[in-house]
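*Asks:* Take a look at this one; I'll ask things after.
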Amino acid sequence: MSRPATESPDGLETPRRYWAWATILLGVTLAVLDSSMANIALPTIASHFHASPAVSIWIVNGYQLAIVMSLLPLASLGEIVGYRRVYLAGVSLFMVAAVGCAFSTSLAELTAIRIVQGLGAAGLMGVNAALLRYTVPKARFGTAIGVNAMVVASSATVGPTIGGLILSVADWPWLFAIHVPLGAIVVAMGWFTLPESDRASRRFDFVSAGLSATSIGLVVTTIDSIGHGLAWPLVVAQAVACVVASTLLVRRELRVPEPLLPLDLLAKPVFSLSIATSTASFVAQVLAFVSLPFTFQRIHGFPPLEVGLLMMPWPLAIAVVAPFAGRLSDRWSPAIIVSAGMTLMATGLAALALLPDDPGRYDIAWRMALCGAGFGLFQAPNNRTLITAAPRARSGAASGMLGTARLTGQAVGAALVALLLGRLGIQGATWALVLGAGFATTSAIVSILRLKHLSPAGESAEQDTPTR
């Protein structure tokens, strides 16, 4: 049972629709810029606090872990109290935490506040796609998802450059302080424009939220521990604890009609296949993104300053292709579009693995652009299919699973690169690209399997059916 939204069932009226959409895009930009700029600042922050690089990495790891652990619980909370409230609360917490980060006096304090900031980021990321579904008309949802993907790719592209410019004229705290005025703008715009959503009448399940956070958190830390070569007893202990927590969570969720872990949605073939497609795609992407700097610098001898430029064709291609892919997904089967995109990406990754010993910049650029174009074709159509496979009242759960699949894939990809580099040395970077091509091919195959579950227009045959 759920209380219906007071807004239009097919998006907001103009011009409010465009202001709300701009609010959602600005919030996504805020989160992506923060992540990419924080990565750039790690050496500077480590030097400031006289800390080792390994310890300083927790500024990023703690933030990411907080996001992945809290995405599903906050998405579930959004279904109960409204996505608008969770989104605005998330941005507000993110903004307040940014102030705390800027005034941190120790690395431990900064890391702790970054974890709190990760909770805020999870609030806006966990319900982002769900809010968009209530903002734009159904016929333009694919286009909207494509524009979102373009904004994410563009923010990821310019984030390191902006971070570098800030560090060239100011101290590292300004990297966090700059988010405060942006956050205030998002809150102000969102207060007046973001739509209301359907609300479930159930109570928030704190036990399931705790089990979900524990299970997903242990998946990430176990994979990370394997990648960093921790002692096997510690790895096994984490894995066993993960299995126990996951088992308890599933047994509990099977007894409720609208579970926090969306087993009702995962029972739909279109939804589960879309999650599998997304996870495999992000594994492939991170296998490439983490290994390519080693490939370019250590194997092919490019200087560090040039490596960043060599990486740029990938996100630039995403930014160009993603909006067109979104429009295509409004008219053609996303299963075919995504499969074609992942085939392009697999081809590009294989071509990168087969680079000559002394490649030219053009040799690298077209391969990187091919990968980016393929990923751009994947993202918007797959996200559209995943979100619309769920009833509107369960958009929060679908949005939370979308983020969880992405972050889990990224964690697996990073751990696999660490494992290959640890076992094979620098040649492990090349094998990571080969493995990435394999995951991209797997994603293409899984995507095609959705064809029999989709209508000719690309909609789920089970769309908007009642949940159990």
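Ligands are numbered from 1 in the order shown, chains are lettered A, B, ... in the order of the structure tokens, and residues start at 1 in each chain.
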Enumerate as a ChimeraX atom specification all residues of stretch 72-300 of chain A assigned to helix (DSSP H, G or I) by DSSP on the backbone, naming them with the chain letters and numbers the document uses.

*Replies:* /A:72-81,83-102,107-126,128-135,138-169,173-177,179-193,206-227,232-253,263-266,269-299

*Asks:* If you count only C-alpha atoms, which residues fall within 10 Å of A:Ile162, apart from same-chain ones fewer than 2 positions away, as a list in words?

*Replies:*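 Surrounding residues, per the criterion: Leu33, Ser36, Met37, Ile40, Ser155, Thr157, Val158, Gly159, Pro160, Gly164, Leu165, Ile166, Leu167, Ser168 and Leu175 of chain A.
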
*Asks:* Only C-alpha atoms, please: the residues just picked out, written as a PDB file, in the first residue's frame.

*Replies:*
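Written file, again19.pdb:
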ATOM      1  CA  LEU A  33      33.179  16.843  -8.601  1.00  0.00           C
ATOM      2  CA  SER A  36      37.330  13.489  -8.471  1.00  0.00           C
ATOM      3  CA  MET A  37      38.728  16.592  -6.753  1.00  0.00           C
ATOM      4  CA  ILE A  40      43.659  14.898  -6.826  1.00  0.00           C
ATOM      5  CA  SER A 155      32.020  16.533 -14.322  1.00  0.00           C
ATOM      6  CA  THR A 157      36.416  15.064 -16.955  1.00  0.00           C
ATOM      7  CA  VAL A 158      36.773  18.600 -15.597  1.00  0.00           C
ATOM      8  CA  GLY A 159      36.959  17.645 -11.892  1.00  0.00           C
ATOM      9  CA  PRO A 160      40.713  16.929 -11.793  1.00  0.00           C
ATOM     10  CA  GLY A 164      44.399  21.245  -9.854  1.00  0.00           C
ATOM     11  CA  LEU A 165      43.564  24.900 -10.522  1.00  0.00           C
ATOM     12  CA  ILE A 166      42.275  25.400  -6.971  1.00  0.00           C
ATOM     13  CA  LEU A 167      45.371  23.769  -5.476  1.00  0.00           C
ATOM     14  CA  SER A 168      47.578  26.019  -7.622  1.00  0.00           C
ATOM     15  CA  LEU A 175      38.452  22.018  -2.401  1.00  0.00           C
TER      16      LEU A 175
END

*Asks:* Would you kindly return, as number ranges by chain, each protein, DNA or RNA residue with an atom no farther than 9 Å from any atom of A:Leu249, considering only C-alpha atoms and excluding same-chain residues fewer than 3 positions away?

*Replies:* A: 207-209, 211-212, 215, 244-246, 252-254, 261

*Asks:* Please, could you write that set of residues out with N, CA and C atoms as a CSV table (one decimal), in the first residue's frame?

*Replies:*
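Saved to again.csv:
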chain,number,residue,atom,x,y,z
A,207,VAL,N,16.3,-3.0,11.3
A,207,VAL,CA,17.1,-4.2,11.3
A,207,VAL,C,17.6,-4.6,9.9
A,208,SER,N,16.7,-4.5,9.0
A,208,SER,CA,17.1,-4.8,7.6
A,208,SER,C,18.1,-3.8,7.1
A,209,ALA,N,17.9,-2.5,7.5
A,209,ALA,CA,18.9,-1.5,7.1
A,209,ALA,C,20.3,-1.8,7.6
A,211,LEU,N,21.4,-4.9,8.5
A,211,LEU,CA,21.9,-6.1,7.9
A,211,LEU,C,22.4,-5.8,6.4
A,212,SER,N,21.6,-4.9,5.7
A,212,SER,CA,22.0,-4.5,4.4
A,212,SER,C,23.3,-3.8,4.4
A,215,SER,N,26.1,-6.3,5.1
A,215,SER,CA,26.4,-7.2,4.0
A,215,SER,C,27.2,-6.5,2.9
A,244,VAL,N,26.9,-14.7,6.6
A,244,VAL,CA,25.9,-14.7,7.7
A,244,VAL,C,24.9,-13.6,7.6
A,245,ALA,N,25.5,-12.3,7.5
A,245,ALA,CA,24.6,-11.2,7.4
A,245,ALA,C,23.7,-11.2,6.2
A,246,SER,N,24.2,-11.6,5.1
A,246,SER,CA,23.4,-11.7,3.9
A,246,SER,C,22.3,-12.7,4.0
A,252,ARG,N,14.9,-12.5,6.2
A,252,ARG,CA,14.0,-11.5,6.8
A,252,ARG,C,13.2,-10.8,5.6
A,253,GLU,N,13.9,-10.5,4.5
A,253,GLU,CA,13.2,-9.7,3.4
A,253,GLU,C,12.2,-10.6,2.7
A,254,LEU,N,12.3,-11.9,2.7
A,254,LEU,CA,11.3,-12.8,2.1
A,254,LEU,C,10.0,-12.7,2.7
A,261,LEU,N,15.9,-4.7,0.7
A,261,LEU,CA,16.6,-5.4,-0.4
A,261,LEU,C,15.6,-5.8,-1.4

*Asks:* Between atom CA of A:Ala129 and atom CA of A:Gly82, what is the distance in Å, rounded to a tenth?

*Replies:*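 Rounded to one decimal, the two atoms are 13.3 Å apart.
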
*Asks:* Please provide the set of residues having any atom within 7 Å of A:Leu377, restricted to only C-alpha atoms, with same-chain residues fewer than 5 positions apart removed, written as an mmCIF file with N, CA and C atoms, in the first residue's frame.

*Replies:*
data_model
loop_
_atom_site.group_PDB
_atom_site.id
_atom_site.type_symbol
_atom_site.label_atom_id
_atom_site.label_comp_id
_atom_site.auth_asym_id
_atom_site.auth_seq_id
_atom_site.Cartn_x
_atom_site.Cartn_y
_atom_site.Cartn_z
ATOM 1 N N VAL A 321 28.135 10.972 -26.638
ATOM 2 C CA VAL A 321 27.260 9.879 -27.074
ATOM 3 C C VAL A 321 26.053 9.691 -26.159
ATOM 4 N N ALA A 322 26.227 9.879 -24.842
ATOM 5 C CA ALA A 322 25.170 9.540 -23.880
ATOM 6 C C ALA A 322 23.818 10.202 -24.175
ATOM 7 N N ALA A 325 22.220 8.366 -27.002
ATOM 8 C CA ALA A 325 21.815 7.024 -26.574
ATOM 9 C C ALA A 325 20.511 7.088 -25.791
ATOM 10 N N ILE A 337 20.732 -1.655 -27.985
ATOM 11 C CA ILE A 337 21.634 -0.502 -27.888
ATOM 12 C C ILE A 337 22.770 -0.791 -26.907
ATOM 13 N N VAL A 338 22.410 -1.327 -25.740
ATOM 14 C CA VAL A 338 23.415 -1.620 -24.716
ATOM 15 C C VAL A 338 24.382 -2.694 -25.203
ATOM 16 N N GLY A 341 26.793 -1.187 -27.547
ATOM 17 C CA GLY A 341 27.746 -0.358 -26.827
ATOM 18 C C GLY A 341 28.817 -1.176 -26.125
#

*Asks:* List every residue of stretch 161-259 of chain A that has an atom at most 9 Å from any atom of stretch 98-106 of chain A, and for each one report the closest atom pair and its distance in Å to one decimal, counting only C-alpha atoms, with rows sorted by chain and then by increasing residue number, as JSON lines.

*Replies:*
{"residue": "A:Trp172", "atom": "CA", "partner": "A:Ala102", "partner_atom": "CA", "distance": 7.9}
{"residue": "A:Pro173", "atom": "CA", "partner": "A:Ala102", "partner_atom": "CA", "distance": 4.2}
{"residue": "A:Trp174", "atom": "CA", "partner": "A:Ala102", "partner_atom": "CA", "distance": 6.6}
{"residue": "A:Leu175", "atom": "CA", "partner": "A:Ala102", "partner_atom": "CA", "distance": 7.8}
{"residue": "A:Phe176", "atom": "CA", "partner": "A:Ala98", "partner_atom": "CA", "distance": 5.2}
{"residue": "A:Ala177", "atom": "CA", "partner": "A:Ala102", "partner_atom": "CA", "distance": 5.8}
{"residue": "A:Ile178", "atom": "CA", "partner": "A:Ala98", "partner_atom": "CA", "distance": 8.4}
{"residue": "A:His179", "atom": "CA", "partner": "A:Ala98", "partner_atom": "CA", "distance": 6.6}
{"residue": "A:Val180", "atom": "CA", "partner": "A:Ala98", "partner_atom": "CA", "distance": 6.6}

*Asks:* Taking N, CA and C atoms for each residue, export the selection above as a PDB file, in the first residue's frame.

*Replies:*
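Result written to result17.pdb:
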ATOM      1  N   TRP A 172      44.340  23.151   0.292  1.00  0.00           N
ATOM      2  CA  TRP A 172      43.393  22.059   0.053  1.00  0.00           C
ATOM      3  C   TRP A 172      42.020  22.247   0.695  1.00  0.00           C
ATOM      4  N   PRO A 173      41.879  22.929   1.864  1.00  0.00           N
ATOM      5  CA  PRO A 173      40.516  23.077   2.419  1.00  0.00           C
ATOM      6  C   PRO A 173      39.528  23.734   1.460  1.00  0.00           C
ATOM      7  N   TRP A 174      40.031  24.539   0.519  1.00  0.00           N
ATOM      8  CA  TRP A 174      39.125  25.199  -0.419  1.00  0.00           C
ATOM      9  C   TRP A 174      38.475  24.211  -1.383  1.00  0.00           C
ATOM     10  N   LEU A 175      39.080  23.045  -1.563  1.00  0.00           N
ATOM     11  CA  LEU A 175      38.452  22.018  -2.401  1.00  0.00           C
ATOM     12  C   LEU A 175      37.114  21.578  -1.815  1.00  0.00           C
ATOM     13  N   PHE A 176      37.016  21.598  -0.486  1.00  0.00           N
ATOM     14  CA  PHE A 176      35.761  21.233   0.178  1.00  0.00           C
ATOM     15  C   PHE A 176      34.861  22.454   0.372  1.00  0.00           C
ATOM     16  N   ALA A 177      35.464  23.595   0.668  1.00  0.00           N
ATOM     17  CA  ALA A 177      34.678  24.806   0.921  1.00  0.00           C
ATOM     18  C   ALA A 177      33.881  25.232  -0.307  1.00  0.00           C
ATOM     19  N   ILE A 178      34.406  24.931  -1.505  1.00  0.00           N
ATOM     20  CA  ILE A 178      33.718  25.352  -2.732  1.00  0.00           C
ATOM     21  C   ILE A 178      32.356  24.669  -2.888  1.00  0.00           C
ATOM     22  N   HIS A 179      32.163  23.522  -2.198  1.00  0.00           N
ATOM     23  CA  HIS A 179      30.887  22.813  -2.304  1.00  0.00           C
ATOM     24  C   HIS A 179      29.766  23.488  -1.509  1.00  0.00           C
ATOM     25  N   VAL A 180      30.115  24.364  -0.577  1.00  0.00           N
ATOM     26  CA  VAL A 180      29.099  24.973   0.278  1.00  0.00           C
ATOM     27  C   VAL A 180      28.146  25.868  -0.513  1.00  0.00           C
TER      28      VAL A 180
END

*Asks:* What does the structure give for the distance between atom CA of A:Gly183 and atom CA of A:Met95, in Å to one decimal?

*Replies:*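 Distance between the two atoms: 5.5 Å.
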
*Asks:* Would you list the contacts of A:Gly118 as number ranges by chain, taking every protein, DNA or RNA residue within 10 Å and counting only C-alpha atoms, but skipping same-chain residues closer than 5 positions in sequence?

*Replies:* A: 31, 35, 60-71, 90, 93-94, 97, 112-113, 123

*Asks:* What is the atom CA of A:Ile59 to atom CA of A:Gln117 distance in Å?

*Replies:*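 Atom-to-atom, atom CA of A:Ile59 and atom CA of A:Gln117 are spaced 10.7 Å apart.
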
*Asks:* Identify, on the basis of only C-alpha atoms, every residue whose closest approach to A:Ala351 does not exceed 12 Å; exclude the query and any residue fewer than 5 positions from it along the same chain; express the result as number ranges by chain.

*Replies:* A: 288, 344-346, 356, 359, 363-371, 430, 433-434, 436-437

*Asks:* Taking only C-alpha atoms into account, which of A:Ala415, A:Ala340, A:Val147, A:Val219 comes nearest A:Val243?

*Replies:*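 Closest residue, counting only C-alpha atoms: A:Val219.
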